[in-house]
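For reference, query-v7.cif (mmCIF, C-alpha atoms):
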```cif
data_coords
loop_
_atom_site.label_atom_id
_atom_site.label_comp_id
_atom_site.auth_asym_id
_atom_site.auth_seq_id
_atom_site.Cartn_x
_atom_site.Cartn_y
_atom_site.Cartn_z
CA MET A 1 -5.89 17.41 4.72
CA ALA A 2 -3.25 14.87 3.89
CA SER A 3 -0.32 14.18 6.19
CA GLN A 4 2.78 16.33 5.90
CA LEU A 5 5.78 15.30 3.82
CA PRO A 6 8.95 14.33 5.73
CA ASP A 7 12.01 16.54 5.97
CA GLY A 8 14.94 15.91 3.67
CA LEU A 9 17.64 17.44 1.50
CA ALA A 10 16.48 19.72 -1.30
CA MET A 11 16.22 17.92 -4.63
CA PRO A 12 17.86 19.69 -7.61
CA LEU A 13 15.36 21.10 -10.10
CA ASN A 14 16.49 18.58 -12.72
CA GLY A 15 15.81 15.71 -10.28
CA ALA A 16 19.41 14.45 -10.37
CA LEU A 17 20.00 11.50 -8.01
CA PRO A 18 23.19 10.81 -6.03
CA SER A 19 25.93 8.98 -7.94
CA THR A 20 25.62 5.95 -5.64
CA VAL A 21 22.15 4.87 -6.80
CA GLY A 22 23.42 2.95 -9.83
CA VAL A 23 25.34 0.51 -7.64
CA GLY A 24 22.53 0.38 -5.05
CA ALA A 25 20.01 -0.64 -7.71
CA LEU A 26 21.93 -3.71 -8.84
CA GLY A 27 19.96 -6.93 -8.44
CA LYS A 28 16.70 -5.22 -7.52
CA THR A 29 13.40 -5.36 -9.35
CA MET A 30 11.73 -2.13 -10.51
CA SER A 31 8.11 -1.19 -9.85
CA ALA A 32 5.94 1.84 -10.52
CA TYR A 33 3.32 3.43 -8.30
CA VAL A 34 0.95 5.90 -9.99
CA HIS A 35 -0.92 8.21 -7.64
CA ILE A 36 -4.38 9.43 -8.66
CA PRO A 37 -5.27 12.09 -6.05
CA PHE A 38 -8.97 12.53 -6.87
CA CYS A 39 -11.86 11.47 -4.63
CA ARG A 40 -15.59 12.01 -4.86
CA VAL A 41 -15.86 12.33 -1.06
CA ARG A 42 -13.11 12.54 1.56
CA CYS A 43 -13.40 9.64 4.01
CA GLY A 44 -13.19 10.81 7.61
CA TYR A 45 -10.34 8.45 8.56
CA CYS A 46 -8.15 9.10 5.51
CA ASP A 47 -4.95 11.15 5.65
CA PHE A 48 -3.74 10.21 2.16
CA ASN A 49 -2.83 12.92 -0.33
CA THR A 50 -6.29 13.16 -1.92
CA TYR A 51 -8.65 15.96 -2.93
CA THR A 52 -12.30 16.42 -3.78
CA ALA A 53 -13.44 18.62 -6.68
CA THR A 54 -14.12 21.61 -4.40
CA GLU A 55 -10.55 21.45 -3.06
CA LEU A 56 -8.97 21.56 -6.52
CA ARG A 57 -9.94 24.86 -8.06
CA GLY A 58 -7.65 25.62 -10.97
CA VAL A 59 -6.57 21.97 -11.34
CA SER A 60 -8.03 19.88 -14.14
CA ARG A 61 -8.54 16.14 -14.03
CA ALA A 62 -8.64 16.22 -17.83
CA SER A 63 -4.96 17.23 -18.08
CA TYR A 64 -3.70 15.01 -15.26
CA VAL A 65 -2.53 12.10 -17.40
CA GLU A 66 -0.52 14.45 -19.60
CA GLU A 67 1.28 15.62 -16.45
CA LEU A 68 1.95 12.03 -15.43
CA LYS A 69 3.41 11.36 -18.88
CA LYS A 70 5.79 14.29 -18.42
CA GLU A 71 7.05 12.85 -15.15
CA ILE A 72 7.40 9.40 -16.71
CA ALA A 73 9.59 10.84 -19.46
CA LEU A 74 11.60 12.82 -16.91
CA SER A 75 12.15 9.71 -14.78
CA ILE A 76 13.82 7.89 -17.65
CA ASP A 77 16.17 10.84 -18.16
CA VAL A 78 16.98 10.96 -14.42
CA LEU A 79 17.71 7.23 -14.27
CA GLN A 80 19.93 7.35 -17.35
CA ARG A 81 21.89 10.33 -16.02
CA ALA A 82 22.38 8.47 -12.72
CA ASP A 83 23.74 5.47 -14.66
CA VAL A 84 20.92 3.24 -13.44
CA SER A 85 20.27 0.44 -15.91
CA LEU A 86 16.68 0.58 -17.11
CA ARG A 87 14.67 -2.43 -15.96
CA GLN A 88 11.31 -3.63 -17.15
CA LEU A 89 8.64 -3.00 -14.54
CA HIS A 90 7.97 -5.98 -12.29
CA THR A 91 4.71 -4.51 -10.94
CA VAL A 92 2.57 -1.42 -11.51
CA PHE A 93 0.03 -0.09 -9.03
CA PHE A 94 -2.49 2.72 -9.63
CA GLY A 95 -3.61 4.00 -6.22
CA GLY A 96 -5.19 7.03 -4.70
CA GLY A 97 -7.60 8.53 -4.13
CA THR A 98 -9.93 6.76 -6.48
CA PRO A 99 -8.16 5.98 -9.77
CA THR A 100 -11.40 4.75 -11.33
CA LEU A 101 -12.87 8.26 -11.17
CA LEU A 102 -10.74 8.93 -14.26
CA PRO A 103 -11.94 7.65 -17.62
CA VAL A 104 -10.51 4.20 -18.27
CA SER A 105 -8.86 5.63 -21.38
CA ASP A 106 -6.76 7.89 -19.13
CA LEU A 107 -5.53 4.96 -17.05
CA ALA A 108 -4.76 3.06 -20.25
CA ASP A 109 -2.84 6.06 -21.58
CA ALA A 110 -0.70 6.33 -18.44
CA LEU A 111 -0.03 2.59 -18.44
CA GLN A 112 1.00 2.71 -22.08
CA ALA A 113 3.44 5.52 -21.30
CA LEU A 114 5.07 3.28 -18.69
CA ARG A 115 5.15 0.41 -21.16
CA ASP A 116 6.75 2.58 -23.86
CA SER A 117 9.38 4.06 -21.52
CA HIS A 118 10.37 1.38 -19.01
CA GLY A 119 8.91 -1.72 -20.59
CA ILE A 120 6.80 -4.12 -18.52
CA GLU A 121 7.65 -7.73 -17.73
CA PRO A 122 5.40 -10.20 -19.62
CA GLU A 123 3.91 -11.64 -16.39
CA ALA A 124 3.86 -8.35 -14.46
CA GLU A 125 1.13 -7.71 -11.91
CA ILE A 126 -0.72 -4.50 -12.86
CA THR A 127 -3.22 -3.35 -10.23
CA VAL A 128 -5.74 -0.55 -9.92
CA GLU A 129 -7.62 0.43 -6.76
CA ALA A 130 -11.36 0.97 -7.11
CA ASN A 131 -14.40 1.88 -5.08
CA PRO A 132 -17.08 -0.74 -5.78
CA ASP A 133 -19.62 1.80 -7.03
CA THR A 134 -17.27 3.17 -9.73
CA LEU A 135 -16.99 -0.07 -11.71
CA THR A 136 -19.14 -1.07 -14.67
CA ALA A 137 -18.71 -3.96 -17.07
CA GLU A 138 -17.65 -1.49 -19.76
CA TYR A 139 -15.05 0.08 -17.48
CA VAL A 140 -13.61 -3.29 -16.47
CA ASP A 141 -13.45 -4.38 -20.11
CA GLY A 142 -11.38 -1.24 -20.73
CA LEU A 143 -9.00 -2.24 -17.95
CA VAL A 144 -8.58 -5.66 -19.55
CA ARG A 145 -7.81 -4.14 -22.96
CA ALA A 146 -5.27 -1.79 -21.37
CA GLY A 147 -3.40 -4.69 -19.78
CA PHE A 148 -4.43 -4.48 -16.11
CA THR A 149 -4.39 -7.83 -14.32
CA ARG A 150 -5.81 -7.08 -10.87
CA VAL A 151 -8.36 -4.80 -9.16
CA SER A 152 -8.23 -3.98 -5.45
CA VAL A 153 -11.76 -3.20 -4.23
CA GLY A 154 -12.25 -0.90 -1.23
CA MET A 155 -15.02 -2.74 0.61
CA GLN A 156 -13.98 -1.70 4.18
CA SER A 157 -17.18 -3.11 5.75
CA ALA A 158 -20.46 -4.86 4.94
CA VAL A 159 -22.33 -3.03 7.72
CA PRO A 160 -24.07 0.27 6.87
CA HIS A 161 -23.50 1.99 10.23
CA VAL A 162 -19.77 1.11 10.10
CA LEU A 163 -19.47 2.50 6.56
CA SER A 164 -21.24 5.64 7.79
CA ALA A 165 -18.74 6.01 10.64
CA LEU A 166 -15.96 5.83 8.05
CA ASP A 167 -17.77 8.27 5.69
CA ARG A 168 -17.89 5.60 2.99
CA THR A 169 -20.76 6.15 0.56
CA HIS A 170 -21.05 2.89 -1.39
CA ASN A 171 -23.82 0.33 -0.97
CA PRO A 172 -22.42 -2.89 0.60
CA ALA A 173 -24.25 -4.90 -2.06
CA ALA A 174 -22.11 -3.21 -4.73
CA VAL A 175 -19.07 -5.22 -3.61
CA ASP A 176 -20.51 -8.55 -4.78
CA GLN A 177 -21.42 -7.09 -8.17
CA ALA A 178 -18.04 -5.40 -8.57
CA VAL A 179 -16.06 -8.56 -7.80
CA SER A 180 -18.30 -10.63 -10.07
CA THR A 181 -17.72 -8.15 -12.91
CA ILE A 182 -13.95 -8.16 -12.32
CA GLN A 183 -13.69 -11.94 -12.24
CA SER A 184 -15.99 -12.44 -15.24
CA ALA A 185 -13.58 -10.30 -17.23
CA GLY A 186 -10.68 -12.55 -16.25
CA LEU A 187 -8.99 -10.23 -13.74
CA GLU A 188 -7.90 -11.05 -10.19
CA ALA A 189 -9.90 -9.31 -7.45
CA SER A 190 -8.69 -8.31 -4.01
CA ILE A 191 -10.79 -6.91 -1.15
CA ASP A 192 -9.69 -4.34 1.43
CA LEU A 193 -11.31 -4.28 4.88
CA ILE A 194 -10.92 -1.98 7.90
CA TYR A 195 -11.75 -3.06 11.43
CA GLY A 196 -12.17 -1.19 14.71
CA ALA A 197 -14.32 1.72 13.50
CA PRO A 198 -16.31 3.63 16.15
CA GLY A 199 -19.43 1.65 17.02
CA GLU A 200 -18.30 -1.54 15.27
CA SER A 201 -18.95 -4.71 17.29
CA LEU A 202 -17.30 -8.09 16.95
CA ALA A 203 -20.55 -9.34 15.39
CA ASP A 204 -20.41 -6.50 12.84
CA TRP A 205 -16.85 -7.47 11.96
CA ARG A 206 -17.80 -11.13 11.58
CA ARG A 207 -20.53 -10.10 9.15
CA SER A 208 -18.01 -8.15 7.05
CA LEU A 209 -15.54 -11.01 7.02
CA GLU A 210 -18.21 -13.53 6.05
CA GLN A 211 -19.39 -11.36 3.16
CA ALA A 212 -15.81 -10.79 1.95
CA ILE A 213 -15.17 -14.54 2.04
CA SER A 214 -18.47 -15.32 0.30
CA VAL A 215 -17.59 -13.40 -2.87
CA ASN A 216 -14.85 -16.00 -3.46
CA THR A 217 -11.91 -13.71 -4.12
CA GLY A 218 -8.33 -14.92 -3.74
CA HIS A 219 -6.92 -12.06 -1.67
CA ILE A 220 -8.18 -10.12 1.36
CA SER A 221 -6.45 -7.33 3.28
CA ALA A 222 -7.67 -6.39 6.77
CA TYR A 223 -6.27 -3.27 8.41
CA ALA A 224 -6.85 -2.00 11.94
CA LEU A 225 -8.27 1.52 11.91
CA ILE A 226 -5.64 4.06 12.91
CA VAL A 227 -6.80 7.53 13.92
CA GLU A 228 -4.50 9.93 12.09
CA ASP A 229 -3.95 13.47 13.36
CA GLY A 230 -5.72 16.14 11.35
CA THR A 231 -8.48 13.91 9.98
CA ALA A 232 -12.21 14.47 10.46
CA LEU A 233 -12.37 11.25 12.46
CA ALA A 234 -9.66 12.49 14.84
CA ARG A 235 -11.60 15.69 15.41
CA LYS A 236 -14.81 13.77 16.15
CA ILE A 237 -13.04 11.55 18.65
CA SER A 238 -11.31 14.52 20.27
CA SER A 239 -14.65 16.30 20.70
CA GLY A 240 -16.28 13.20 22.21
CA ALA A 241 -18.69 12.74 19.29
CA MET A 242 -17.19 9.29 18.62
CA ASP A 243 -15.32 6.75 20.70
CA ALA A 244 -11.67 5.97 19.99
CA PRO A 245 -10.86 2.46 18.71
CA ASP A 246 -10.48 -0.11 21.50
CA ASP A 247 -7.10 -1.90 21.31
CA ASP A 248 -8.38 -5.07 23.00
CA LEU A 249 -11.40 -5.26 20.69
CA GLN A 250 -9.18 -4.73 17.65
CA ALA A 251 -7.00 -7.63 18.83
CA GLU A 252 -10.09 -9.85 19.07
CA MET A 253 -11.11 -8.73 15.60
CA TYR A 254 -7.71 -9.65 14.21
CA GLU A 255 -7.89 -13.10 15.80
CA LEU A 256 -11.37 -13.59 14.33
CA ALA A 257 -10.13 -12.55 10.89
CA ASP A 258 -7.27 -15.03 11.01
CA GLU A 259 -9.60 -17.80 12.20
CA LEU A 260 -12.29 -17.29 9.55
CA LEU A 261 -9.89 -16.63 6.71
CA SER A 262 -7.79 -19.68 7.56
CA LYS A 263 -10.91 -21.88 7.59
CA ALA A 264 -11.84 -20.46 4.18
CA GLY A 265 -8.52 -21.50 2.64
CA PHE A 266 -6.57 -18.26 3.02
CA GLN A 267 -3.04 -18.11 4.43
CA TRP A 268 -1.47 -15.03 5.96
CA TYR A 269 1.66 -13.89 4.17
CA GLU A 270 1.94 -10.45 5.79
CA ILE A 271 0.39 -9.34 9.05
CA SER A 272 -2.57 -7.63 7.37
CA ASN A 273 -2.80 -9.72 4.20
CA TRP A 274 -4.13 -13.17 3.36
CA ALA A 275 -4.17 -15.03 0.02
CA LYS A 276 -5.38 -18.41 -1.20
CA SER A 277 -2.18 -19.06 -3.15
CA GLN A 278 1.27 -17.59 -3.60
CA GLN A 279 0.26 -16.44 -7.08
CA GLN A 280 -2.56 -14.37 -5.57
CA GLN A 281 -0.34 -12.50 -3.11
CA SER A 282 0.20 -8.80 -3.87
CA GLN A 283 3.50 -8.79 -5.71
CA HIS A 284 3.58 -5.00 -5.66
CA ASN A 285 3.33 -4.78 -1.88
CA LEU A 286 5.91 -7.56 -1.53
CA ALA A 287 8.28 -5.38 -3.57
CA TYR A 288 7.93 -2.66 -0.92
CA TRP A 289 8.33 -5.05 2.02
CA ASN A 290 11.39 -6.67 0.40
CA ASN A 291 13.11 -3.31 -0.23
CA GLN A 292 13.04 -3.40 -4.02
CA ASP A 293 13.16 -0.25 -6.19
CA TRP A 294 10.11 1.75 -7.25
CA TRP A 295 9.31 5.12 -8.78
CA GLY A 296 6.23 6.88 -7.44
CA TYR A 297 4.51 9.11 -10.00
CA GLY A 298 2.08 11.89 -9.08
CA PRO A 299 1.75 14.59 -6.38
CA GLY A 300 3.10 13.51 -3.01
CA ALA A 301 4.28 10.15 -4.35
CA HIS A 302 7.40 8.58 -2.81
CA SER A 303 10.16 6.72 -4.65
CA ALA A 304 13.07 4.46 -3.68
CA ILE A 305 15.93 3.96 -6.12
CA GLY A 306 19.25 2.35 -5.23
CA GLY A 307 19.07 3.23 -1.54
CA THR A 308 17.89 6.82 -2.03
CA ARG A 309 14.35 7.89 -1.09
CA PHE A 310 12.66 10.97 -2.57
CA TRP A 311 9.18 12.43 -2.72
CA ASN A 312 7.20 14.82 -4.87
CA VAL A 313 5.56 18.11 -3.97
CA LYS A 314 2.19 17.40 -2.41
CA HIS A 315 -0.42 19.58 -4.10
CA PRO A 316 -1.53 18.77 -7.66
CA ALA A 317 -1.22 22.43 -8.67
CA ALA A 318 2.41 22.59 -7.48
CA TYR A 319 3.07 19.27 -9.20
CA ALA A 320 1.64 20.51 -12.51
CA GLY A 321 3.48 23.83 -12.18
CA ARG A 322 6.88 22.22 -11.83
CA LEU A 323 6.35 19.93 -14.79
CA ALA A 324 5.11 22.85 -16.92
CA GLU A 325 8.53 24.45 -16.38
CA ALA A 326 10.32 21.18 -17.23
CA HIS A 327 11.43 20.81 -13.61
CA SER A 328 11.31 17.68 -11.53
CA PRO A 329 8.30 17.50 -9.20
CA ALA A 330 10.59 15.89 -6.57
CA LEU A 331 10.85 18.13 -3.50
CA SER A 332 13.37 16.40 -1.21
CA TYR A 333 15.43 13.25 -0.80
CA GLU A 334 17.30 11.23 1.80
CA THR A 335 19.78 8.38 1.81
CA PRO A 336 19.21 6.31 4.97
CA ASP A 337 22.32 5.15 6.84
CA GLN A 338 23.01 1.50 7.61
CA GLN A 339 21.33 1.68 11.02
CA ALA A 340 18.11 2.99 9.45
CA VAL A 341 18.28 0.36 6.70
CA THR A 342 18.68 -2.44 9.26
CA LEU A 343 15.76 -1.11 11.31
CA GLU A 344 13.55 -1.06 8.23
CA GLN A 345 14.57 -4.56 7.16
CA VAL A 346 13.65 -5.94 10.58
CA LEU A 347 10.48 -3.86 10.83
CA LEU A 348 9.16 -4.87 7.41
CA GLY A 349 10.67 -8.32 7.02
CA SER A 350 9.39 -9.57 10.37
CA ARG A 351 5.83 -8.81 9.24
CA LEU A 352 6.09 -11.43 6.51
CA ALA A 353 5.22 -15.09 6.90
CA ALA A 354 8.61 -15.85 5.34
CA GLY A 355 10.21 -14.06 8.29
CA ILE A 356 13.81 -12.90 8.57
CA PRO A 357 17.08 -14.79 9.17
CA THR A 358 18.10 -15.51 12.76
CA GLN A 359 21.68 -14.70 11.75
CA GLY A 360 22.81 -11.39 13.20
CA HIS A 361 20.27 -11.40 16.03
CA ASP A 362 21.07 -12.08 19.66
CA PRO A 363 20.31 -15.74 20.57
CA GLN A 364 19.06 -14.66 23.99
CA ALA A 365 16.55 -12.29 22.38
CA ILE A 366 15.34 -15.10 20.14
CA SER A 367 15.02 -17.48 23.10
CA THR A 368 13.08 -14.87 25.04
CA LEU A 369 10.66 -14.33 22.15
CA ILE A 370 10.13 -18.08 21.78
CA ALA A 371 9.42 -18.39 25.52
CA ARG A 372 6.86 -15.58 25.27
CA GLY A 373 5.15 -17.39 22.41
CA LEU A 374 5.80 -14.53 19.99
CA ILE A 375 7.94 -16.34 17.41
CA ASP A 376 7.82 -19.89 16.11
CA GLY A 377 10.41 -22.07 17.88
CA LYS A 378 10.59 -24.69 15.12
CA ARG A 379 11.18 -22.04 12.44
CA ALA A 380 13.83 -20.40 14.64
CA ILE A 381 15.74 -23.70 14.80
CA GLU A 382 15.54 -23.75 10.98
CA GLY A 383 17.10 -20.27 10.89
CA ARG A 384 14.06 -18.02 10.42
CA ILE A 385 12.32 -15.62 12.78
CA VAL A 386 8.60 -16.03 12.05
CA LEU A 387 5.80 -14.49 14.09
CA THR A 388 3.15 -16.61 15.81
CA LEU A 389 -0.44 -15.35 15.94
CA SER A 390 0.34 -13.70 19.29
CA GLY A 391 3.50 -12.28 17.75
CA ARG A 392 1.54 -10.68 14.95
CA LEU A 393 -0.53 -8.86 17.55
CA ARG A 394 2.63 -7.67 19.30
CA ALA A 395 4.94 -7.19 16.33
CA ASP A 396 6.39 -3.92 17.64
CA GLU A 397 7.48 -5.71 20.82
CA VAL A 398 9.25 -8.35 18.73
CA VAL A 399 11.08 -5.69 16.71
CA ARG A 400 12.21 -3.84 19.84
CA GLU A 401 13.52 -7.04 21.43
CA LEU A 402 15.44 -8.02 18.29
CA LEU A 403 16.96 -4.60 17.66
CA PHE A 404 17.85 -3.56 21.20
CA ARG A 405 19.26 -6.92 22.28
CA SER A 406 21.28 -7.23 19.07
CA GLN A 407 22.76 -3.75 19.59
CA ASP A 408 23.83 -4.41 23.20
#
```
Written form, C-alpha cells:
Amino acid sequence: MASQLPDGLAMPLNGALPSTVGVGALGKTMSAYVHIPFCRVRCGYCDFNTYTATELRGVSRASYVEELKKEIALSIDVLQRADVSLRQLHTVFFGGGTPTLLPVSDLADALQALRDSHGIEPEAEITVEANPDTLTAEYVDGLVRAGFTRVSVGMQSAVPHVLSALDRTHNPAAVDQAVSTIQSAGLEASIDLIYGAPGESLADWRRSLEQAISVNTGHISAYALIVEDGTALARKISSGAMDAPDDDLQAEMYELADELLSKAGFQWYEISNWAKSQQQQSQHNLAYWNNQDWWGYGPGAHSAIGGTRFWNVKHPAAYAGRLAEAHSPALSYETPDQQAVTLEQVLLGSRLAAGIPTQGHDPQAISTLIARGLIDGKRAIEGRIVLTLSGRLRADEVVRELLFRSQD
C-alpha cells in the first residue's frame, strides 16, 4: 500500500487556511497538481497513493472527475476566504497512478475546470504522465485539443528482465512509438528512467540510456531505485528472493548517465534531470524545487500555499465521502518554522544546477567542500554553491556540511 501521510494539525472541515497565507503567497507563482490514483497493475517498487481495480470496490472511476471538480471549486472558496489573490496557473501536472487510464475527455474536463476557476497562463506548461502502452494517436490528439503541452512517458528501462523486476508490463518497443506519436502531434515528450533494479547490470543500464537518447526527446529523468518500506519489492529483498540495490553500482550508473546524456546534448539542471534546452526543463518540478505555491487535487495530494502545507485524506472513498458532504478533503496541515524552511531551501536548491547563494553559509564549510571536490570553486567565487559531478553523488554530505557549519 501507499506510504503513510505525515502528522499535522487537524484541518477544519471547511478547509480554512491560517490568516498568514495571504502574505506568504505574495510574489509566488501558482501551480496545480492533479492526482489520478488508478493503475492497471501495482509496480513492486511503488509506494505512491495508487490503487488497482480490485482494491477499489465501491469507488467509481467514472465519477472521479466530478469529485475533482468539487475540490477545484472548494479550493477557490478557500483561497478567497484566506485573502489569497487568485493567480493564473503557471503549470499544471496530471500524475498518478496512470492518468491515461481515464478517458481523455475526463482529463480535458478536469483541465477545463482549472482553466475556468483559476485561469491558466497563456504559455503554461501542462503535463500528463503516461505509460507507453496507454497512448494511441487518437488519445494524444485529444490531449492536444484539451490544451496539454507535454507528456511524461514512464519508460523505466529498455531491458525486459529489468522491467520484470520492477513489475512493469509494457513492451520496451512501445516507448519509441509513444514518443513518435506525442511529437507528431506537436507535444513535448519527456522520458522517465529508473536505475539500480535487482539484476540490472551496467551494460543493461547503458542499453536503456542509449534507447532513451535514440528516440530524440528533449528531456530525460533518471532516478536511482529506492526500496520503500511496505512495497512488494521490499518484501522480496527482505526474504532473499531479490538482491538489494548496490550503492556503488548505482553511483557508476549515475556517472554513465551523465556521460552519455552530456554527449547527446543534454545538460543536467537538477540532480536527476537533464534537458536539451532551458525551455525543455520541467517547469512544474522547478516550481516545487524553488518553493513556489501549488494546490494538489485528489486523494492523498499535498499542497503548499503561502508557507502552509496541507494534505488530503488518502483513500479515494474517503476523499469522495468528504466532498459529498461539502467538506474539504484536507486532513491535516503544518506551517514549517524558519529552521525547517532554511533546511528545505538548502536541500532542494543545492540539487539545482543554478545552485544556491554562498551568502549566509560558513566560508570554512565552503572551502572544505571545494577542497573535497564536491562544489565548483569558480562558481563559489562568483557567489553560488553549485555541485560538481562528485557532489551530485554525495549531495546529502554537502547539505550536512553547509547546515551544521553555518549553525555553529
Quick one: residues within 10 Å of Gly147 (chain A), only C-alpha atoms counted, chain neighbours fewer than 5 positions away excluded, as a list in words?
->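 Those residues are Ala108, Leu111, Gln112, Ala124, Glu125, Ile126, Thr127, Gly142 and Leu187 of chain A.
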Residues near region 14-31 of chain A, cut-off 9 Å, all atoms listed in the file, skip fewer than 3 positions along chain, as a ChimeraX atom specification = /A:11,74-75,78-79,81-93,284,287,291-296,305-308,326-331,333,335
The PyMOL selection byres ((chain A and resi 39) around 10) applied to the shown file, residues as a list in words |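 Written out, the selection comes to Ile36, Pro37, Phe38, Arg40, Val41, Arg42, Cys43, Thr50, Tyr51, Thr52, Ala53, Gly96, Gly97, Thr98, Pro99, Thr100, Leu101 and Asn131 of chain A.
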Residue IDs satisfying the PyMOL selection byres ((chain A and resi 134) around 12), as a ChimeraX atom specification | /A:39-40,98-104,129-133,135-140,151,153-154,169-171,174-175,177-179,181
Run the PyMOL selection byres ((chain A and resi 348) around 12) on the file and write out the hits as a ChimeraX atom specification.
-> /A:270-271,285-291,341-347,349-356,395-396,398-399
Emit the selected residues as a JSON list (two decimals), keeping the file's coordinate frame, including C-alpha atoms.
```
[["chain", "number", "residue", "atom", "x", "y", "z"],
["A", 270, "GLU", "CA", 1.94, -10.45, 5.79],
["A", 271, "ILE", "CA", 0.39, -9.34, 9.05],
["A", 285, "ASN", "CA", 3.33, -4.78, -1.88],
["A", 286, "LEU", "CA", 5.91, -7.56, -1.53],
["A", 287, "ALA", "CA", 8.28, -5.38, -3.57],
["A", 288, "TYR", "CA", 7.93, -2.66, -0.92],
["A", 289, "TRP", "CA", 8.33, -5.05, 2.02],
["A", 290, "ASN", "CA", 11.39, -6.67, 0.40],
["A", 291, "ASN", "CA", 13.11, -3.31, -0.23],
["A", 341, "VAL", "CA", 18.28, 0.36, 6.70],
["A", 342, "THR", "CA", 18.68, -2.44, 9.26],
["A", 343, "LEU", "CA", 15.76, -1.11, 11.31],
["A", 344, "GLU", "CA", 13.55, -1.06, 8.23],
["A", 345, "GLN", "CA", 14.57, -4.56, 7.16],
["A", 346, "VAL", "CA", 13.65, -5.94, 10.58],
["A", 347, "LEU", "CA", 10.48, -3.86, 10.83],
["A", 349, "GLY", "CA", 10.67, -8.32, 7.02],
["A", 350, "SER", "CA", 9.39, -9.57, 10.37],
["A", 351, "ARG", "CA", 5.83, -8.81, 9.24],
["A", 352, "LEU", "CA", 6.09, -11.43, 6.51],
["A", 353, "ALA", "CA", 5.22, -15.09, 6.90],
["A", 354, "ALA", "CA", 8.61, -15.85, 5.34],
["A", 355, "GLY", "CA", 10.21, -14.06, 8.29],
["A", 356, "ILE", "CA", 13.81, -12.90, 8.57],
["A", 395, "ALA", "CA", 4.94, -7.19, 16.33],
["A", 396, "ASP", "CA", 6.39, -3.92, 17.64],
["A", 398, "VAL", "CA", 9.25, -8.35, 18.73],
["A", 399, "VAL", "CA", 11.08, -5.69, 16.71]]
```
For Thr217 (chain A), list every protein, DNA or RNA residue within 9 Å, evaluated using only C-alpha atoms, and leave out those in the same chain fewer than 4 positions away; present the list as an MDAnalysis selection string.
-> chainID A and resid 179 183 188:191 212:213 275:276
Leaving out Glu255 (chain A) and any residue of its chain fewer than 3 positions from it, which residues lie within 12 Å of it when counting all atoms listed in the file, given as a short mmCIF file (atom, residue, chain, number, x, y, z; two decimals) with C-alpha atoms, keeping the file's coordinate frame?
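Okay, this is what ended up in selection23.cif:
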```cif
data_model
loop_
_atom_site.label_atom_id
_atom_site.label_comp_id
_atom_site.auth_asym_id
_atom_site.auth_seq_id
_atom_site.Cartn_x
_atom_site.Cartn_y
_atom_site.Cartn_z
CA TYR A 195 -11.75 -3.06 11.43
CA LEU A 202 -17.30 -8.09 16.95
CA TRP A 205 -16.85 -7.47 11.96
CA ARG A 206 -17.80 -11.13 11.58
CA LEU A 209 -15.54 -11.01 7.02
CA ALA A 222 -7.67 -6.39 6.77
CA ALA A 224 -6.85 -2.00 11.94
CA ASP A 248 -8.38 -5.07 23.00
CA LEU A 249 -11.40 -5.26 20.69
CA GLN A 250 -9.18 -4.73 17.65
CA ALA A 251 -7.00 -7.63 18.83
CA GLU A 252 -10.09 -9.85 19.07
CA ASP A 258 -7.27 -15.03 11.01
CA GLU A 259 -9.60 -17.80 12.20
CA LEU A 260 -12.29 -17.29 9.55
CA LEU A 261 -9.89 -16.63 6.71
CA SER A 262 -7.79 -19.68 7.56
CA TRP A 268 -1.47 -15.03 5.96
CA ILE A 271 0.39 -9.34 9.05
CA SER A 272 -2.57 -7.63 7.37
CA THR A 388 3.15 -16.61 15.81
CA LEU A 389 -0.44 -15.35 15.94
CA SER A 390 0.34 -13.70 19.29
CA GLY A 391 3.50 -12.28 17.75
CA ARG A 392 1.54 -10.68 14.95
CA LEU A 393 -0.53 -8.86 17.55
#
```
Top pick for closest residue to Asn273 (chain A), considering A:Ser303, A:Ser221, A:Asn312, A:Ser105 and counting all atoms listed in the file =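 Once distances to Asn273 (chain A) are computed over all atoms listed in the file, the minimum belongs to A:Ser221.
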Using only C-alpha atoms, determine which residues lie at most 9 Å from Asp204 (chain A), disregarding the query and same-chain residues fewer than 2 positions distant; provide the list as number ranges by chain.
-> A: 157-159, 162, 200-202, 206-209
Work out how far CA of Gln278 (chain A) is from CA of Gly218 (chain A), in Å to one decimal.
-> 10.0 Å
Selected residue, from A:Arg379, A:Arg309, A:His161, A:Lys69, that lies nearest to Leu107 (chain A) when counting only C-alpha atoms |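 Of the candidates, the smallest distance to Leu107 (chain A) is held by A:Lys69.
CA of Met155 (chain A) lies 21.5 Å from CA of Ala234 (chain A).
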Atomic distance CA of Tyr319 (chain A) - CA of Pro6 (chain A), expressed in Å with one decimal |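 Going from CA of Tyr319 (chain A) over to CA of Pro6 (chain A), I get 16.8 Å.
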Please give the centre and size of the box around region 200-212 of chain A (axis-aligned, containing every atom listed in the file, 5 Å added per side), with values in Å to one decimal and written as AutoDock Vina command-line options.
```
--center_x -18.0 --center_y -7.5 --center_z 9.6 --size_x 15.0 --size_y 22.0 --size_z 25.3
```
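Between Glu67 (chain A) and the candidates A:Ala301, A:Val34, A:Ala185, A:Leu323, the tightest atom-to-atom separation, counting all atoms listed in the file, involves A:Leu323.
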From the list A:Ser277, A:Gly199, A:Gly383, A:Leu56, which residue is nearest Ala241 (chain A) when using all atoms listed in the file?
->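 Nearest candidate to Ala241 (chain A) out of A:Ser277, A:Gly199, A:Gly383, A:Leu56: A:Gly199.
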